[in-house]
>>> print(open('work24.txt').read())   # compact mmCIF, C-alpha atoms and all ligand atoms
# COMPACT_ATOMS: atom_id res chain seq x y z
CA MET R 143 -31.30 -105.48 -23.99
CA ASN R 144 -31.20 -101.96 -22.53
CA ASN R 145 -30.29 -98.88 -24.47
CA ILE R 146 -28.14 -96.55 -22.44
CA ALA R 147 -26.92 -92.99 -22.89
CA ILE R 148 -23.41 -92.01 -21.86
CA PHE R 149 -22.75 -88.38 -20.94
CA ALA R 150 -19.09 -87.34 -21.04
CA SER R 151 -17.04 -84.17 -21.37
CA GLY R 152 -13.52 -85.46 -21.83
CA THR R 153 -11.26 -88.26 -22.93
CA GLY R 154 -13.73 -91.05 -22.49
CA THR R 155 -11.62 -93.91 -21.14
CA ASN R 156 -14.63 -95.08 -19.14
CA PHE R 157 -16.66 -94.86 -22.33
CA ASP R 158 -14.05 -97.04 -24.09
CA VAL R 159 -14.26 -99.76 -21.47
CA ILE R 160 -18.06 -99.78 -21.42
CA ILE R 161 -18.04 -100.21 -25.20
CA GLN R 162 -15.45 -103.01 -24.96
CA ASN R 163 -17.55 -104.77 -22.36
CA ILE R 164 -20.61 -104.54 -24.58
CA GLU R 165 -18.63 -105.88 -27.53
CA ASN R 166 -17.23 -108.80 -25.53
CA GLY R 167 -20.67 -109.69 -24.19
CA TYR R 168 -20.07 -108.79 -20.51
CA LEU R 169 -22.71 -106.06 -20.68
CA ASP R 170 -26.07 -106.75 -22.29
CA ALA R 171 -26.58 -103.17 -23.43
CA ASN R 172 -26.42 -100.86 -26.38
CA VAL R 173 -25.04 -97.32 -26.19
CA SER R 174 -27.60 -95.52 -28.33
CA LEU R 175 -26.55 -91.97 -27.49
CA VAL R 176 -23.50 -90.02 -26.35
CA VAL R 177 -24.10 -86.56 -24.94
CA CYS R 178 -21.19 -84.15 -24.72
CA ASP R 179 -21.04 -80.50 -23.64
CA LYS R 180 -17.53 -79.83 -24.97
CA LEU R 181 -16.98 -79.30 -28.64
CA GLY R 182 -13.87 -81.18 -29.75
CA ALA R 183 -13.79 -83.58 -26.79
CA LYS R 184 -12.07 -86.85 -27.60
CA VAL R 185 -15.08 -88.90 -26.60
CA ILE R 186 -17.01 -87.48 -29.59
CA GLU R 187 -14.71 -88.93 -32.23
CA LYS R 188 -14.69 -92.22 -30.32
CA ALA R 189 -18.50 -92.34 -30.39
CA VAL R 190 -18.61 -91.41 -34.08
CA SER R 191 -16.11 -94.17 -34.90
CA LYS R 192 -18.51 -96.62 -33.25
CA ASN R 193 -21.48 -95.21 -35.22
CA ILE R 194 -23.15 -94.01 -32.04
CA GLU R 195 -25.45 -91.02 -32.28
CA THR R 196 -23.96 -87.98 -30.57
CA LEU R 197 -25.57 -84.88 -29.15
CA VAL R 198 -22.88 -82.23 -28.80
CA PHE R 199 -23.83 -78.82 -27.50
CA ASN R 200 -22.35 -75.66 -26.06
CA PRO R 201 -24.24 -74.68 -22.89
CA LYS R 202 -23.46 -71.03 -23.60
CA ASP R 203 -25.76 -71.20 -26.63
CA TYR R 204 -28.76 -71.64 -24.33
CA GLU R 205 -30.46 -69.27 -21.96
CA SER R 206 -30.82 -71.85 -19.24
CA LYS R 207 -29.85 -75.36 -18.25
CA ALA R 208 -33.49 -76.38 -18.56
CA ASP R 209 -33.47 -75.30 -22.22
CA TYR R 210 -30.67 -77.63 -23.27
CA GLU R 211 -31.71 -80.41 -20.92
CA LYS R 212 -35.15 -80.51 -22.59
CA ILE R 213 -33.38 -81.28 -25.87
CA ILE R 214 -31.21 -83.92 -24.19
CA LEU R 215 -34.24 -85.49 -22.51
CA GLU R 216 -36.09 -85.74 -25.81
CA LYS R 217 -33.07 -87.41 -27.42
CA CYS R 218 -32.72 -89.89 -24.56
CA LEU R 219 -36.40 -90.75 -24.80
CA SER R 220 -36.46 -91.01 -28.59
CA ASN R 221 -33.42 -93.30 -28.37
CA LYS R 222 -35.31 -95.37 -25.80
CA CYS R 223 -32.50 -95.08 -23.25
CA SER R 224 -33.33 -96.85 -19.99
CA TYR R 225 -30.43 -95.35 -18.06
CA ILE R 226 -28.11 -92.37 -18.21
CA ILE R 227 -24.50 -93.11 -17.35
CA LEU R 228 -22.38 -90.08 -16.48
CA ALA R 229 -18.72 -90.74 -17.26
CA GLY R 230 -16.80 -87.53 -16.76
CA TYR R 231 -19.75 -85.22 -17.51
CA MET R 232 -18.82 -82.03 -15.68
CA ARG R 233 -22.25 -80.47 -15.15
CA LEU R 234 -24.89 -80.55 -12.48
CA LEU R 235 -28.25 -81.82 -13.71
CA SER R 236 -31.53 -79.95 -13.30
CA ASP R 237 -35.00 -81.27 -12.58
CA VAL R 238 -35.64 -81.72 -16.29
CA LEU R 239 -33.34 -84.75 -16.50
CA LEU R 240 -33.60 -85.75 -12.83
CA ASP R 241 -37.40 -86.02 -13.07
CA GLY R 242 -37.35 -87.50 -16.57
CA TYR R 243 -34.91 -90.22 -15.49
CA LYS R 244 -35.71 -90.56 -11.80
CA ASP R 245 -33.31 -93.01 -10.10
CA LYS R 246 -31.98 -93.96 -13.52
CA ILE R 247 -28.90 -91.73 -13.62
CA ILE R 248 -25.57 -92.78 -12.14
CA ASN R 249 -22.16 -91.12 -11.90
CA ILE R 250 -18.60 -92.13 -11.16
CA HIS R 251 -16.37 -89.90 -9.05
CA PRO R 252 -12.65 -90.29 -8.32
CA SER R 253 -12.80 -90.06 -4.52
CA LEU R 254 -14.32 -91.82 -1.57
CA LEU R 255 -17.45 -89.68 -1.29
CA PRO R 256 -18.55 -87.70 0.62
CA ALA R 257 -14.91 -86.57 0.73
CA PHE R 258 -13.51 -84.41 -2.06
CA LYS R 259 -16.56 -83.51 -4.12
CA GLY R 260 -16.26 -81.46 -7.28
CA LYS R 261 -13.37 -80.75 -9.60
CA ASP R 262 -9.90 -82.28 -9.28
CA ALA R 263 -10.88 -84.67 -6.52
CA ILE R 264 -7.54 -86.43 -6.86
CA GLY R 265 -5.62 -83.16 -6.44
CA GLN R 266 -7.77 -82.26 -3.43
CA ALA R 267 -7.00 -85.63 -1.83
CA ILE R 268 -3.27 -85.30 -2.54
CA ASN R 269 -3.21 -81.82 -0.99
CA TYR R 270 -4.85 -83.24 2.10
CA GLY R 271 -2.23 -85.98 2.28
CA VAL R 272 -4.77 -88.76 2.57
CA LYS R 273 -3.37 -92.27 2.82
CA VAL R 274 -6.41 -94.04 1.42
CA MET R 275 -8.11 -92.97 -1.77
CA GLY R 276 -10.79 -94.50 -3.93
CA VAL R 277 -13.64 -94.38 -6.38
CA THR R 278 -17.38 -93.96 -5.82
CA ILE R 279 -20.36 -94.78 -8.00
CA HIS R 280 -23.59 -93.13 -6.95
CA PHE R 281 -27.08 -92.18 -8.04
CA VAL R 282 -27.30 -88.60 -9.21
CA ASN R 283 -29.33 -85.92 -7.51
CA LYS R 284 -29.32 -82.10 -7.51
CA GLU R 285 -26.19 -81.82 -5.38
CA MET R 286 -22.70 -81.98 -6.75
CA ASP R 287 -21.51 -85.55 -6.34
CA GLY R 288 -24.46 -86.15 -4.02
CA GLY R 289 -26.94 -88.99 -4.27
CA LYS R 290 -27.00 -92.42 -2.70
CA ILE R 291 -23.78 -94.38 -2.93
CA ILE R 292 -23.98 -97.62 -4.90
CA ALA R 293 -20.38 -98.86 -4.88
CA GLN R 294 -16.98 -97.81 -3.58
CA GLU R 295 -13.48 -99.18 -3.79
CA SER R 296 -10.46 -97.91 -1.92
CA PHE R 297 -6.70 -98.29 -2.26
CA ASN R 298 -3.69 -97.38 -0.15
CA VAL R 299 -1.62 -94.51 -1.50
CA ASP R 300 2.07 -95.17 -1.94
CA PRO R 301 3.78 -91.92 -0.83
CA SER R 302 6.14 -92.08 -3.80
CA TRP R 303 3.32 -91.97 -6.38
CA SER R 304 2.91 -88.87 -8.54
CA HIS R 305 -0.47 -87.33 -9.40
CA ASP R 306 -0.37 -89.16 -12.75
CA GLU R 307 0.37 -92.49 -11.12
CA ILE R 308 -2.50 -92.02 -8.68
CA GLU R 309 -4.78 -91.06 -11.55
CA ALA R 310 -3.78 -94.21 -13.43
CA LYS R 311 -4.59 -96.29 -10.34
CA VAL R 312 -7.98 -94.54 -10.03
CA HIS R 313 -8.76 -95.22 -13.68
CA SER R 314 -7.78 -98.89 -13.41
CA ILE R 315 -10.30 -99.26 -10.57
CA GLU R 316 -12.98 -97.20 -12.32
CA HIS R 317 -12.75 -99.25 -15.48
CA ILE R 318 -13.63 -102.46 -13.65
CA LEU R 319 -16.03 -101.10 -11.04
CA TYR R 320 -18.19 -99.05 -13.42
CA SER R 321 -18.98 -101.90 -15.77
CA LYS R 322 -19.61 -104.26 -12.84
CA THR R 323 -22.06 -101.75 -11.36
CA ILE R 324 -23.75 -101.05 -14.69
CA LYS R 325 -24.18 -104.79 -15.17
CA GLU R 326 -25.88 -105.11 -11.77
CA LEU R 327 -28.06 -102.11 -12.52
CA LEU R 328 -29.18 -103.50 -15.87
CA GLU R 329 -29.89 -106.87 -14.28
CA GLY R 330 -32.14 -105.20 -11.69
CA LYS R 331 -29.84 -106.08 -8.79
CA ILE R 332 -29.47 -102.47 -7.64
C1 LIG R 401 -13.15 -90.13 -14.28
O1 LIG R 401 -12.04 -90.12 -13.43
C2 LIG R 401 -14.42 -90.01 -13.48
O2 LIG R 401 -14.30 -90.49 -12.17
C3 LIG R 401 -14.67 -88.53 -13.44
O3 LIG R 401 -14.22 -88.07 -14.69
C4 LIG R 401 -13.20 -88.92 -15.18
C5 LIG R 401 -13.54 -89.27 -16.59
O4 LIG R 401 -12.48 -89.92 -17.22
N1 LIG R 401 -16.05 -88.23 -13.18
P1 LIG R 401 -12.63 -90.48 -18.68
O5 LIG R 401 -13.05 -89.33 -19.59
O6 LIG R 401 -13.63 -91.58 -18.66
O7 LIG R 401 -11.26 -90.97 -19.04
>>> encode(input="work24.txt", output="structure tokens", more="lines below")
Ligand code: GRF
Amino acid sequence: MNNIAIFASGTGTNFDVIIQNIENGYLDANVSLVVCDKLGAKVIEKAVSKNIETLVFNPKDYESKADYEKIILEKCLSNKCSYIILAGYMRLLSDVLLDGYKDKIINIHPSLLPAFKGKDAIGQAINYGVKVMGVTIHFVNKEMDGGKIIAQESFNVDPSWSHDEIEAKVHSIEHILYSKTIKELLEGKI
């Protein structure tokens, strides 16, 4: 069984589904660490309620990204994490983590990359008036939402849908696609 670390900054609905899929046996994994850069984020209390070790930090307390990433890297290593799963973690990674976990870090992004990188990808896509939207899972590199694409799924946008309805559709796809991809990764199929 693989230990994994989940990095998140927000609500953690993807975290929830990964945990459910571990509990129901779909994923042969153990979340041994949750890393969060936002004090008070909902994902923290969720992790605590599951007795998962958390590393919560405020980036402003450190002089550089490398300084806090060294601490994160040590925690990931001491928890014997094989992979790092980014699920709404809103920070670029530096060489400290990218070298420490080379080709072992993946991210999920709510657009069909390379379109609409960065924040509020759904809003960006709506503003553009795109008719097809989607979700991308990719390996993480230095660039924002860069890295080789592992999986994508698209859907047609109903013009009557609100931002919230589109977001709900995105999440419903993410929740299935991320666990499926993590499963393949852990089984050495990716
Ligand atoms: C997801 O939409 C993901 O694509 C993006 O951040 C969001 C996290 O949502 N990177 P949640 O915290 O898992 O609900």
>>> closest_residue(input="work24.txt", among="R:Asp203, R:Lys273, R:Val173, R:Ala267", to="R:Val190", atoms="only C-alpha atoms")
R:Val173
>>> closest_residue(input="work24.txt", among="R:His317, R:Lys222, R:Lys184, R:Lys192", to="R:His251", atoms="all atoms listed in the file")
R:His317
>>> atom_distance(input="work24.txt", atom1="atom CA of R:Val282", atom2="atom CA of R:Leu240")
7.8 Å
>>> atom_distance(input="work24.txt", atom1="atom CA of R:Leu328", atom2="atom CA of R:Asn144")
7.1 Å
>>> atom_distance(input="work24.txt", atom1="atom CA of R:Tyr225", atom2="atom CA of R:Met275")
27.7 Å
>>> residues_near_ligand(input="work24.txt", ligand="ligand LIG 401 (chain R)", cutoff="10 Å", atoms="all atoms listed in the file", output="VMD selection string")
chain R and resid 149 to 160 183 to 185 228 to 232 249 to 253 260 to 264 276 to 279 287 309 to 310 312 to 317 320
>>> residues_around(input="work24.txt", residues="R:Ala208", least_positions_apart="4", cutoff="12 Å", atoms="all atoms listed in the file", output="compact mmCIF listing (two decimals) with C-alpha atoms, keeping the file's coordinate frame")
# COMPACT_ATOMS: atom_id res chain seq x y z
CA PRO R 201 -24.24 -74.68 -22.89
CA TYR R 204 -28.76 -71.64 -24.33
CA LYS R 212 -35.15 -80.51 -22.59
CA ILE R 213 -33.38 -81.28 -25.87
CA ILE R 214 -31.21 -83.92 -24.19
CA LEU R 215 -34.24 -85.49 -22.51
CA LEU R 234 -24.89 -80.55 -12.48
CA LEU R 235 -28.25 -81.82 -13.71
CA SER R 236 -31.53 -79.95 -13.30
CA ASP R 237 -35.00 -81.27 -12.58
CA VAL R 238 -35.64 -81.72 -16.29
CA LEU R 239 -33.34 -84.75 -16.50
CA LEU R 240 -33.60 -85.75 -12.83
CA ASP R 241 -37.40 -86.02 -13.07
CA GLY R 242 -37.35 -87.50 -16.57
>>> axis_aligned_box(input="work24.txt", around="stretch 180-189 of chain R", padding_each_side="3 Å", output="lines of an AutoDock Vina configuration file")
center_x = -15.3
center_y = -85.8
center_z = -28.6
size_x = 12.4
size_y = 19.0
size_z = 13.3
>>> closest_residue(input="work24.txt", among="R:Gly330, R:Ile324, R:Ser224, R:Lys207", to="R:Asn163", atoms="all atoms listed in the file")
R:Ile324
>>> closest_residue(input="work24.txt", among="R:His305, R:Ile291, R:Lys311, R:Phe199", to="R:Gln266", atoms="all atoms listed in the file")
R:His305
>>> closest_residue(input="work24.txt", among="R:Glu205, R:Glu285, R:Glu211, R:Asp245", to="R:Asp179", atoms="all atoms listed in the file")
R:Glu211
>>> closest_residue(input="work24.txt", among="R:Ile268, R:Asn193, R:Pro256, R:Lys246", to="R:Glu307", atoms="all atoms listed in the file")
R:Ile268
>>> residues_near_point(input="work24.txt", point="(-10.2, -96.8, -0.6)", cutoff="7 Å", atoms="only C-alpha atoms", output="ChimeraX atom specification")
/R:254,274-276,295-298
>>> write_last_selection(input="work24.txt", atoms="C-alpha atoms", output="short mmCIF file (atom, residue, chain, number, x, y, z; two decimals), in the frame of the given file")
data_model
loop_
_atom_site.label_atom_id
_atom_site.label_comp_id
_atom_site.auth_asym_id
_atom_site.auth_seq_id
_atom_site.Cartn_x
_atom_site.Cartn_y
_atom_site.Cartn_z
CA LEU R 254 -14.32 -91.82 -1.57
CA VAL R 274 -6.41 -94.04 1.42
CA MET R 275 -8.11 -92.97 -1.77
CA GLY R 276 -10.79 -94.50 -3.93
CA GLU R 295 -13.48 -99.18 -3.79
CA SER R 296 -10.46 -97.91 -1.92
CA PHE R 297 -6.70 -98.29 -2.26
CA ASN R 298 -3.69 -97.38 -0.15
#
